[in-house]
$ cat upload-v6.txt   # compact mmCIF, C-alpha atoms (C1' of nucleotides)
# COMPACT_ATOMS: atom_id res chain seq x y z
CA MET A 1 -3.59 -3.41 -1.31
CA LEU A 2 -4.49 -3.30 -4.97
CA SER A 3 -5.44 0.24 -5.93
CA LYS A 4 -8.84 0.94 -7.44
CA LYS A 5 -7.01 2.21 -10.46
CA THR A 6 -5.51 -1.21 -11.08
CA LYS A 7 -8.70 -3.02 -10.25
CA TYR A 8 -10.71 -0.86 -12.63
CA GLY A 9 -8.04 -1.12 -15.27
CA LEU A 10 -8.01 -4.90 -15.16
CA LYS A 11 -11.77 -5.03 -15.34
CA ALA A 12 -11.82 -2.67 -18.27
CA LEU A 13 -9.22 -4.67 -20.19
CA THR A 14 -11.18 -7.84 -19.56
CA PHE A 15 -14.34 -6.13 -20.71
CA ILE A 16 -12.72 -5.07 -23.96
CA ALA A 17 -11.23 -8.51 -24.49
CA ARG A 18 -14.63 -10.11 -24.00
CA VAL A 19 -16.48 -7.81 -26.38
CA GLU A 20 -14.16 -7.81 -29.39
CA GLY A 21 -16.18 -7.18 -32.39
CA ASP A 22 -14.03 -5.07 -34.67
CA SER A 23 -15.25 -1.69 -33.55
CA PRO A 24 -13.62 0.06 -30.57
CA VAL A 25 -15.28 -0.03 -27.16
CA GLN A 26 -16.37 3.23 -25.57
CA VAL A 27 -15.50 4.36 -22.08
CA GLY A 28 -19.14 4.92 -21.19
CA GLU A 29 -20.03 1.40 -22.11
CA ILE A 30 -17.29 -0.06 -19.93
CA ALA A 31 -18.03 2.27 -17.04
CA LYS A 32 -21.66 1.25 -17.06
CA GLY A 33 -20.99 -2.44 -17.47
CA GLU A 34 -18.41 -2.60 -14.70
CA ASN A 35 -19.68 0.01 -12.24
CA ILE A 36 -16.71 2.29 -12.60
CA PRO A 37 -16.85 6.11 -12.32
CA GLN A 38 -16.57 7.20 -15.93
CA LYS A 39 -14.19 10.11 -15.52
CA PHE A 40 -11.86 8.06 -13.40
CA LEU A 41 -11.93 5.27 -15.95
CA GLU A 42 -11.12 7.75 -18.69
CA SER A 43 -7.83 8.60 -17.05
CA ILE A 44 -7.00 4.95 -16.51
CA LEU A 45 -7.60 4.00 -20.12
CA LEU A 46 -5.50 6.95 -21.16
CA THR A 47 -2.62 5.54 -19.15
CA LEU A 48 -3.08 2.15 -20.76
CA ARG A 49 -3.08 3.74 -24.17
CA LYS A 50 0.07 5.75 -23.53
CA SER A 51 1.80 2.59 -22.38
CA GLY A 52 0.92 0.90 -25.67
CA ILE A 53 -1.43 -1.75 -24.33
CA LEU A 54 -4.52 -0.07 -25.72
CA GLY A 55 -5.09 1.84 -28.91
CA SER A 56 -7.79 4.44 -29.36
CA LYS A 57 -9.90 6.03 -32.00
CA LYS A 58 -11.07 9.57 -31.44
CA GLY A 59 -14.31 11.29 -32.30
CA LYS A 60 -17.75 9.89 -32.93
CA HIS A 61 -17.84 6.10 -32.88
CA GLY A 62 -14.43 6.18 -31.28
CA GLY A 63 -13.25 4.13 -28.38
CA TYR A 64 -10.51 1.81 -27.18
CA TYR A 65 -9.20 -1.46 -28.53
CA LEU A 66 -6.45 -3.93 -27.71
CA ARG A 67 -3.20 -3.52 -29.57
CA LYS A 68 -2.45 -7.23 -29.37
CA PRO A 69 -4.55 -10.37 -29.03
CA PRO A 70 -5.46 -11.07 -25.37
CA SER A 71 -3.29 -14.16 -25.37
CA GLU A 72 -0.23 -11.99 -25.91
CA ILE A 73 -0.96 -9.41 -23.23
CA LEU A 74 0.97 -10.42 -20.13
CA MET A 75 -0.05 -9.49 -16.62
CA THR A 76 3.52 -8.45 -15.83
CA ASP A 77 3.17 -5.59 -18.30
CA VAL A 78 -0.35 -4.65 -17.29
CA MET A 79 0.45 -4.64 -13.60
CA ARG A 80 3.60 -2.58 -14.01
CA VAL A 81 1.67 0.05 -15.96
CA LEU A 82 -1.26 0.20 -13.58
CA GLU A 83 0.17 -0.60 -10.16
CA GLY A 84 3.84 0.15 -10.64
CA PRO A 85 6.55 -2.10 -9.25
CA ILE A 86 5.63 -5.71 -8.65
CA ALA A 87 8.13 -5.99 -5.82
CA MET A 88 6.99 -4.88 -2.37
CA VAL A 89 10.22 -2.98 -1.72
CA PRO A 90 12.25 -0.96 -4.22
CA CYS A 91 15.48 -2.73 -3.24
CA VAL A 92 14.26 -5.98 -4.81
CA SER A 93 12.52 -4.46 -7.80
CA LEU A 94 13.77 -5.53 -11.22
CA ASN A 95 12.32 -2.56 -13.10
CA PHE A 96 12.25 0.12 -10.43
CA TYR A 97 15.30 -0.62 -8.29
CA GLU A 98 16.28 1.78 -5.52
CA LYS A 99 18.67 1.36 -2.64
CA CYS A 100 17.27 1.62 0.88
CA ASP A 101 18.53 4.58 2.88
CA ASP A 102 18.64 2.56 6.05
CA CYS A 103 20.28 -0.84 5.39
CA PRO A 104 24.06 -0.73 5.05
CA ASP A 105 24.17 -4.12 3.29
CA GLU A 106 21.34 -5.55 1.25
CA HIS A 107 22.68 -9.06 1.33
CA GLN A 108 22.42 -9.26 5.09
CA CYS A 109 18.96 -7.76 5.22
CA SER A 110 16.24 -10.14 6.32
CA VAL A 111 13.53 -8.09 4.65
CA HIS A 112 15.40 -8.17 1.38
CA LYS A 113 15.72 -11.92 1.53
CA LEU A 114 12.02 -12.45 2.19
CA MET A 115 10.83 -9.95 -0.36
CA ILE A 116 12.89 -11.50 -3.13
CA GLN A 117 10.99 -14.70 -2.59
CA VAL A 118 7.66 -12.92 -2.64
CA ARG A 119 8.61 -11.04 -5.77
CA ASP A 120 9.65 -14.19 -7.57
CA SER A 121 6.52 -16.09 -6.71
CA THR A 122 4.31 -13.18 -7.74
CA LEU A 123 6.24 -12.70 -10.95
CA LYS A 124 5.74 -16.33 -11.78
CA VAL A 125 1.99 -15.82 -11.63
CA PHE A 126 1.99 -12.64 -13.68
CA ARG A 127 4.37 -14.02 -16.30
CA ASN A 128 2.19 -17.03 -16.62
CA THR A 129 -1.12 -15.21 -16.99
CA THR A 130 -2.40 -13.35 -20.01
CA LEU A 131 -5.49 -11.26 -20.55
CA GLU A 132 -7.00 -14.23 -22.30
CA ASP A 133 -6.83 -16.24 -19.08
CA LEU A 134 -8.69 -13.50 -17.26
CA SER A 135 -11.41 -13.10 -19.84
CA ILE A 136 -12.37 -16.76 -20.08
CA MET B 137 4.31 -1.49 -1.19
CA LEU B 138 5.52 -2.79 2.11
CA SER B 139 4.94 -0.19 4.82
CA LYS B 140 7.83 1.07 6.88
CA LYS B 141 6.03 -0.29 9.87
CA THR B 142 6.28 -3.81 8.50
CA LYS B 143 9.81 -3.34 7.30
CA TYR B 144 10.95 -2.03 10.66
CA GLY B 145 9.01 -4.72 12.47
CA LEU B 146 10.66 -7.49 10.47
CA LYS B 147 14.08 -6.00 11.02
CA ALA B 148 13.46 -5.70 14.72
CA LEU B 149 12.29 -9.29 15.04
CA THR B 150 15.33 -10.48 13.16
CA PHE B 151 17.54 -8.38 15.39
CA ILE B 152 16.04 -9.92 18.50
CA ALA B 153 16.30 -13.41 17.04
CA ARG B 154 19.96 -12.86 16.24
CA VAL B 155 20.91 -11.52 19.67
CA GLU B 156 19.27 -14.05 21.94
CA GLY B 157 21.13 -14.17 25.09
CA ASP B 158 18.55 -14.71 27.80
CA SER B 159 18.05 -11.08 28.71
CA PRO B 160 15.45 -9.00 26.84
CA VAL B 161 16.52 -6.64 24.08
CA GLN B 162 15.89 -2.93 24.50
CA VAL B 163 14.12 -0.73 22.00
CA GLY B 164 17.00 1.73 21.96
CA GLU B 165 19.47 -0.96 21.08
CA ILE B 166 17.37 -2.16 18.15
CA ALA B 167 16.63 1.35 16.94
CA LYS B 168 20.30 2.19 16.89
CA GLY B 169 21.39 -1.07 15.31
CA GLU B 170 18.83 -0.94 12.52
CA ASN B 171 18.49 2.80 11.89
CA ILE B 172 14.89 3.00 12.98
CA PRO B 173 13.32 6.05 14.67
CA GLN B 174 13.03 4.94 18.27
CA LYS B 175 9.59 6.26 19.08
CA PHE B 176 8.17 4.75 15.93
CA LEU B 177 9.78 1.44 16.74
CA GLU B 178 8.30 1.54 20.23
CA SER B 179 4.80 1.56 18.84
CA ILE B 180 5.59 -1.26 16.44
CA LEU B 181 7.02 -3.49 19.14
CA LEU B 182 3.99 -2.74 21.23
CA THR B 183 1.79 -4.07 18.45
CA LEU B 184 3.90 -7.19 18.19
CA ARG B 185 3.65 -7.72 21.91
CA LYS B 186 -0.12 -7.28 21.94
CA SER B 187 -0.41 -9.85 19.18
CA GLY B 188 1.52 -12.37 21.25
CA ILE B 189 4.61 -12.62 19.08
CA LEU B 190 6.79 -10.69 21.51
CA GLY B 191 6.86 -10.61 25.28
CA SER B 192 8.19 -7.71 27.30
CA LYS B 193 9.75 -6.89 30.61
CA LYS B 194 9.20 -3.44 32.07
CA GLY B 195 11.48 -1.20 34.06
CA LYS B 196 15.21 -1.00 34.30
CA HIS B 197 16.92 -3.75 32.31
CA GLY B 198 13.62 -4.41 30.63
CA GLY B 199 13.06 -5.05 26.95
CA TYR B 200 11.46 -7.35 24.45
CA TYR B 201 11.93 -11.05 23.79
CA LEU B 202 10.46 -13.69 21.49
CA ARG B 203 7.66 -15.77 22.91
CA LYS B 204 8.59 -18.76 20.78
CA PRO B 205 11.78 -20.02 19.16
CA PRO B 206 12.41 -18.30 15.82
CA SER B 207 11.86 -21.57 13.97
CA GLU B 208 8.25 -21.56 15.15
CA ILE B 209 7.42 -17.99 14.23
CA LEU B 210 5.75 -18.06 10.84
CA MET B 211 5.79 -15.15 8.43
CA THR B 212 2.07 -15.57 7.83
CA ASP B 213 1.43 -14.52 11.42
CA VAL B 214 4.01 -11.76 11.46
CA MET B 215 2.82 -10.27 8.20
CA ARG B 216 -0.83 -10.32 9.21
CA VAL B 217 -0.03 -8.49 12.42
CA LEU B 218 2.20 -5.89 10.83
CA GLU B 219 0.86 -5.42 7.32
CA GLY B 220 -2.70 -6.71 7.65
CA PRO B 221 -4.28 -8.90 4.97
CA ILE B 222 -1.94 -10.88 2.78
CA ALA B 223 -4.40 -10.79 -0.12
CA MET B 224 -4.32 -7.74 -2.37
CA VAL B 225 -8.09 -7.43 -2.39
CA PRO B 226 -10.48 -8.06 0.50
CA CYS B 227 -12.68 -10.33 -1.63
CA VAL B 228 -9.96 -12.99 -1.75
CA SER B 229 -8.73 -12.58 1.80
CA LEU B 230 -8.92 -15.64 4.03
CA ASN B 231 -8.71 -13.74 7.31
CA PHE B 232 -10.17 -10.36 6.37
CA TYR B 233 -12.83 -11.20 3.78
CA GLU B 234 -15.13 -8.47 2.48
CA LYS B 235 -17.41 -8.40 -0.50
CA CYS B 236 -16.71 -5.82 -3.23
CA ASP B 237 -19.40 -3.18 -3.63
CA ASP B 238 -18.98 -3.15 -7.36
CA CYS B 239 -18.84 -6.74 -8.71
CA PRO B 240 -22.22 -8.49 -8.86
CA ASP B 241 -20.61 -11.95 -9.04
CA GLU B 242 -17.20 -12.76 -7.65
CA HIS B 243 -16.86 -15.93 -9.66
CA GLN B 244 -17.02 -14.09 -12.95
CA CYS B 245 -14.61 -11.39 -11.86
CA SER B 246 -11.28 -11.42 -13.64
CA VAL B 247 -9.56 -9.53 -10.85
CA HIS B 248 -10.79 -12.04 -8.32
CA LYS B 249 -9.42 -14.90 -10.35
CA LEU B 250 -5.99 -13.34 -10.71
CA MET B 251 -5.73 -12.21 -7.12
CA ILE B 252 -6.52 -15.67 -5.79
CA GLN B 253 -3.47 -16.94 -7.60
CA VAL B 254 -1.30 -14.16 -6.24
CA ARG B 255 -2.60 -14.75 -2.73
CA ASP B 256 -1.91 -18.45 -2.90
CA SER B 257 1.60 -18.05 -4.19
CA THR B 258 2.42 -15.42 -1.59
CA LEU B 259 0.89 -17.51 1.16
CA LYS B 260 3.06 -20.41 0.13
CA VAL B 261 6.14 -18.30 0.72
CA PHE B 262 4.99 -16.94 4.08
CA ARG B 263 3.84 -20.33 5.34
CA ASN B 264 7.15 -21.78 4.38
CA THR B 265 9.32 -19.13 6.00
CA THR B 266 10.03 -18.67 9.69
CA LEU B 267 11.91 -16.02 11.58
CA GLU B 268 14.79 -18.45 11.78
CA ASP B 269 15.11 -18.41 8.00
CA LEU B 270 15.32 -14.64 8.04
CA SER B 271 17.90 -14.44 10.79
CA ILE B 272 20.39 -16.86 9.27
C1' DA C 273 -22.49 22.33 -38.51
C1' DT C 274 -23.62 19.13 -35.07
C1' DT C 275 -22.82 15.49 -32.30
C1' DA C 276 -20.20 12.25 -29.88
C1' DA C 277 -16.26 10.64 -28.58
C1' DT C 278 -11.28 10.85 -26.74
C1' DC C 279 -7.77 13.86 -24.63
C1' DC C 280 -5.74 16.80 -21.16
C1' DT C 281 -4.98 19.58 -16.95
C1' DA C 282 -6.17 21.07 -12.67
C1' DT C 283 -8.20 20.55 -8.41
C1' DC C 284 -10.05 18.50 -4.21
C1' DA C 285 -11.44 15.71 -0.19
C1' DA C 286 -10.46 11.77 2.34
C1' DT C 287 -7.45 8.53 3.93
C1' DT C 288 -3.23 6.54 5.25
C1' DT C 289 1.42 6.67 6.61
C1' DA C 290 5.45 7.94 9.18
C1' DA C 291 6.80 10.22 12.69
C1' DT C 292 6.93 13.12 17.05
C1' DA C 293 5.64 14.61 21.71
C1' DG C 294 4.80 14.09 26.33
C1' DG C 295 4.15 11.92 30.01
C1' DG C 296 2.48 7.51 33.08
C1' DA C 297 3.69 3.11 35.12
C1' DT C 298 6.92 -0.22 36.47
C1' DT C 299 11.19 -2.25 37.90
C1' DA C 300 16.24 -2.72 39.27
C1' DC C 301 19.39 -1.30 42.16
C1' DA C 302 22.32 1.89 44.94
C1' DT D 303 13.66 4.72 49.69
C1' DG D 304 14.76 7.26 45.81
C1' DT D 305 16.40 7.55 41.24
C1' DA D 306 17.31 6.13 36.76
C1' DA D 307 15.97 3.29 33.09
C1' DT D 308 12.68 1.16 30.67
C1' DC D 309 8.19 -0.09 28.65
C1' DC D 310 3.37 1.74 28.00
C1' DC D 311 -0.20 4.72 26.18
C1' DT D 312 -2.61 8.56 23.85
C1' DA D 313 -2.73 12.41 21.06
C1' DT D 314 -1.14 15.15 17.40
C1' DT D 315 0.80 16.30 13.01
C1' DA D 316 2.89 16.76 8.36
C1' DA D 317 3.29 14.67 4.11
C1' DA D 318 1.98 11.64 0.64
C1' DT D 319 -1.27 8.98 -1.82
C1' DT D 320 -5.66 7.78 -3.53
C1' DG D 321 -10.02 8.20 -5.62
C1' DA D 322 -12.69 11.12 -7.74
C1' DT D 323 -14.61 15.37 -10.09
C1' DA D 324 -14.73 19.47 -13.23
C1' DG D 325 -14.25 21.77 -17.35
C1' DG D 326 -13.09 22.23 -21.50
C1' DA D 327 -9.91 21.22 -25.97
C1' DT D 328 -9.52 18.29 -29.80
C1' DT D 329 -10.96 15.08 -33.21
C1' DA D 330 -13.89 12.61 -36.40
C1' DA D 331 -18.43 10.81 -38.42
C1' DT D 332 -22.71 12.11 -40.20

$ encode --input "upload-v6.txt" --output "structure tokens"
Amino acid sequence: MLSKKTKYGLKALTFIARVEGDSPVQVGEIAKGENIPQKFLESILLTLRKSGILGSKKGKHGGYYLRKPPSEILMTDVMRVLEGPIAMVPCVSLNFYEKCDDCPDEHQCSVHKLMIQVRDSTLKVFRNTTLEDLSI
Amino acid sequence: MLSKKTKYGLKALTFIARVEGDSPVQVGEIAKGENIPQKFLESILLTLRKSGILGSKKGKHGGYYLRKPPSEILMTDVMRVLEGPIAMVPCVSLNFYEKCDDCPDEHQCSVHKLMIQVRDSTLKVFRNTTLEDLSI
DNA sequence: ATTAATCCTATCAATTTAATAGGGATTACA
DNA sequence: TGTAATCCCTATTAAATTGATAGGATTAAT
């Protein structure tokens, strides 16, 4: 299941990408427009800013803006920041690899084999989709 | 993340598919062979039996067996029984559809759009993989 | 100064997950 | 016929995660 955090985060990014005048977009505006609890959204946008996907401007007339054009923001990056590993099990994760504590040998593990395929097919989608695609 | 339930369930099915003499395979045997807590595994196999994927024989020398040859057991069915919906959000699920409470219009929703692609690519893998593929 | 925004930390309730416990029902077989 | 081995079923629990809220600190425009 996609977490609400990720869902809200994706919606917020799309919202910002769609607005794009030059001035930053405020949390309250996004929260209202997308039916997202404002305080929750605040923490999500903070995460996106710390990861470098968003920039922010503080104080009055502040808000959030994209650090790159939507066409250069890949879903692989967004999803890893918001949802964490793309793989369904750590033992097939490219960026968050961990060995299973059961499982003496990965290469004989049926789950491993299946989950590599799922990971690759999901990656293909995320690598092939940018924020621009979402906001059209 | 794949739940342990699903992981254990897949391992158990593979184990049974690999053994296949004619006599049913016992929970204890699987638990030992795959490092799975026995009581937990019991409940998982029970689920698989109730869904029709496994059959069982009670009493001494009892155990579980596959109801169909491994080559006819599709991952779509197994995954839906063990893990639930294949889609990451209910609003793109084929078998467990639910409308989002936020989201006035699905067809304008960026998350929806992305998650349909993920669902389709994952489905392609599961529809194209049988238990036989896993147990080779 | 005042106002309006982001930033940050802590907390909380609800849910889900992973596992355990304890016994009931059924069957093989001595 | 009795006993051991096995599946069957329900209930409980501890830990982790999720989704959300609260309260205020900091920053910047006017």

$ interface_residues --input "upload-v6.txt" --of "chain D" --to "chain A" --cutoff "10 Å" --atoms "all atoms listed in the file" --output "VMD selection string"
chain D and resid 320 to 324 328 to 332

$ closest_atom_pairs --input "upload-v6.txt" --of "chain A" --to "chain C" --cutoff "12 Å" --atoms "all atoms listed in the file" --output "tab-separated table"
residue	atom	partner	partner_atom	distance
A:Met1	CA	C:DT288	C1'	11.9
A:Pro24	CA	C:DA277	C1'	11.1
A:Val25	CA	C:DA277	C1'	10.8
A:Gln26	CA	C:DA277	C1'	8.0
A:Val27	CA	C:DT278	C1'	9.0
A:Gly28	CA	C:DA277	C1'	9.8
A:Glu29	CA	C:DA277	C1'	11.9
A:Lys39	CA	C:DT278	C1'	11.6
A:Glu42	CA	C:DT278	C1'	8.6
A:Ser43	CA	C:DC279	C1'	9.2
A:Leu45	CA	C:DT278	C1'	10.2
A:Leu46	CA	C:DC279	C1'	8.1
A:Thr47	CA	C:DC279	C1'	11.2
A:Arg49	CA	C:DT278	C1'	11.2
A:Lys50	CA	C:DC279	C1'	11.3
A:Gly55	CA	C:DT278	C1'	11.1
A:Ser56	CA	C:DT278	C1'	7.8
A:Lys57	CA	C:DT278	C1'	7.3
A:Lys58	CA	C:DT278	C1'	4.9
A:Gly59	CA	C:DA277	C1'	4.3
A:Lys60	CA	C:DA276	C1'	4.6
A:His61	CA	C:DA277	C1'	6.4
A:Gly62	CA	C:DA277	C1'	5.5
A:Gly63	CA	C:DA277	C1'	7.2
A:Tyr64	CA	C:DT278	C1'	9.1

$ interface_residues --input "upload-v6.txt" --of "chain B" --to "chain A" --cutoff "6 Å" --atoms "only C-alpha atoms" --output "ChimeraX atom specification"
/B:137-138,171,224,238,246,254,257-258,270

$ atom_distance --input "upload-v6.txt" --atom1 "atom CA of Ala17 of chain A" --atom2 "atom CA of Thr76 of chain A"
17.1 Å

$ atom_distance --input "upload-v6.txt" --atom1 "atom CA of Pro70 of chain A" --atom2 "atom CA of Glu20 of chain A"
10.1 Å

$ atom_distance --input "upload-v6.txt" --atom1 "atom CA of Asp158 of chain B" --atom2 "atom CA of Leu190 of chain B"
13.9 Å

$ closest_residue --input "upload-v6.txt" --among "A:Cys100, A:Val92, A:Ile30, A:Leu48" --to "Met79 of chain A" --atoms "all atoms listed in the file"
A:Leu48

$ build_atoms --input "upload-v6.txt" --residues "segment 195-209 of chain B" --atoms "N, CA and C atoms" --output "PDB file, in the coordinates of the input"
ATOM      1  N   GLY B 195      10.542  -1.741  33.083  1.00  0.00           N
ATOM      2  CA  GLY B 195      11.480  -1.200  34.060  1.00  0.00           C
ATOM      3  C   GLY B 195      12.932  -1.364  33.664  1.00  0.00           C
ATOM      4  N   LYS B 196      13.778  -0.956  34.559  1.00  0.00           N
ATOM      5  CA  LYS B 196      15.210  -1.000  34.300  1.00  0.00           C
ATOM      6  C   LYS B 196      15.626  -2.417  33.885  1.00  0.00           C
ATOM      7  N   HIS B 197      16.490  -2.451  32.887  1.00  0.00           N
ATOM      8  CA  HIS B 197      16.920  -3.750  32.310  1.00  0.00           C
ATOM      9  C   HIS B 197      15.784  -4.516  31.666  1.00  0.00           C
ATOM     10  N   GLY B 198      14.742  -3.782  31.334  1.00  0.00           N
ATOM     11  CA  GLY B 198      13.620  -4.410  30.630  1.00  0.00           C
ATOM     12  C   GLY B 198      13.910  -4.515  29.147  1.00  0.00           C
ATOM     13  N   GLY B 199      12.889  -4.907  28.392  1.00  0.00           N
ATOM     14  CA  GLY B 199      13.060  -5.050  26.950  1.00  0.00           C
ATOM     15  C   GLY B 199      12.091  -6.046  26.368  1.00  0.00           C
ATOM     16  N   TYR B 200      12.353  -6.420  25.136  1.00  0.00           N
ATOM     17  CA  TYR B 200      11.460  -7.350  24.450  1.00  0.00           C
ATOM     18  C   TYR B 200      12.169  -8.672  24.149  1.00  0.00           C
ATOM     19  N   TYR B 201      11.376  -9.739  24.136  1.00  0.00           N
ATOM     20  CA  TYR B 201      11.930 -11.050  23.790  1.00  0.00           C
ATOM     21  C   TYR B 201      10.900 -11.841  22.991  1.00  0.00           C
ATOM     22  N   LEU B 202      11.356 -12.845  22.275  1.00  0.00           N
ATOM     23  CA  LEU B 202      10.460 -13.690  21.490  1.00  0.00           C
ATOM     24  C   LEU B 202       9.708 -14.660  22.403  1.00  0.00           C
ATOM     25  N   ARG B 203       8.445 -14.859  22.099  1.00  0.00           N
ATOM     26  CA  ARG B 203       7.660 -15.770  22.910  1.00  0.00           C
ATOM     27  C   ARG B 203       7.836 -17.232  22.489  1.00  0.00           C
ATOM     28  N   LYS B 204       8.340 -17.406  21.270  1.00  0.00           N
ATOM     29  CA  LYS B 204       8.590 -18.760  20.780  1.00  0.00           C
ATOM     30  C   LYS B 204       9.955 -18.784  20.103  1.00  0.00           C
ATOM     31  N   PRO B 205      10.531 -19.952  19.929  1.00  0.00           N
ATOM     32  CA  PRO B 205      11.780 -20.020  19.160  1.00  0.00           C
ATOM     33  C   PRO B 205      11.549 -19.536  17.739  1.00  0.00           C
ATOM     34  N   PRO B 206      12.536 -18.868  17.162  1.00  0.00           N
ATOM     35  CA  PRO B 206      12.410 -18.300  15.820  1.00  0.00           C
ATOM     36  C   PRO B 206      11.901 -19.309  14.790  1.00  0.00           C
ATOM     37  N   SER B 207      12.267 -20.558  14.940  1.00  0.00           N
ATOM     38  CA  SER B 207      11.860 -21.570  13.970  1.00  0.00           C
ATOM     39  C   SER B 207      10.357 -21.852  14.024  1.00  0.00           C
ATOM     40  N   GLU B 208       9.693 -21.337  15.048  1.00  0.00           N
ATOM     41  CA  GLU B 208       8.250 -21.560  15.150  1.00  0.00           C
ATOM     42  C   GLU B 208       7.440 -20.299  14.877  1.00  0.00           C
ATOM     43  N   ILE B 209       8.136 -19.239  14.534  1.00  0.00           N
ATOM     44  CA  ILE B 209       7.420 -17.990  14.230  1.00  0.00           C
ATOM     45  C   ILE B 209       7.269 -17.860  12.723  1.00  0.00           C
TER      46      ILE B 209
END
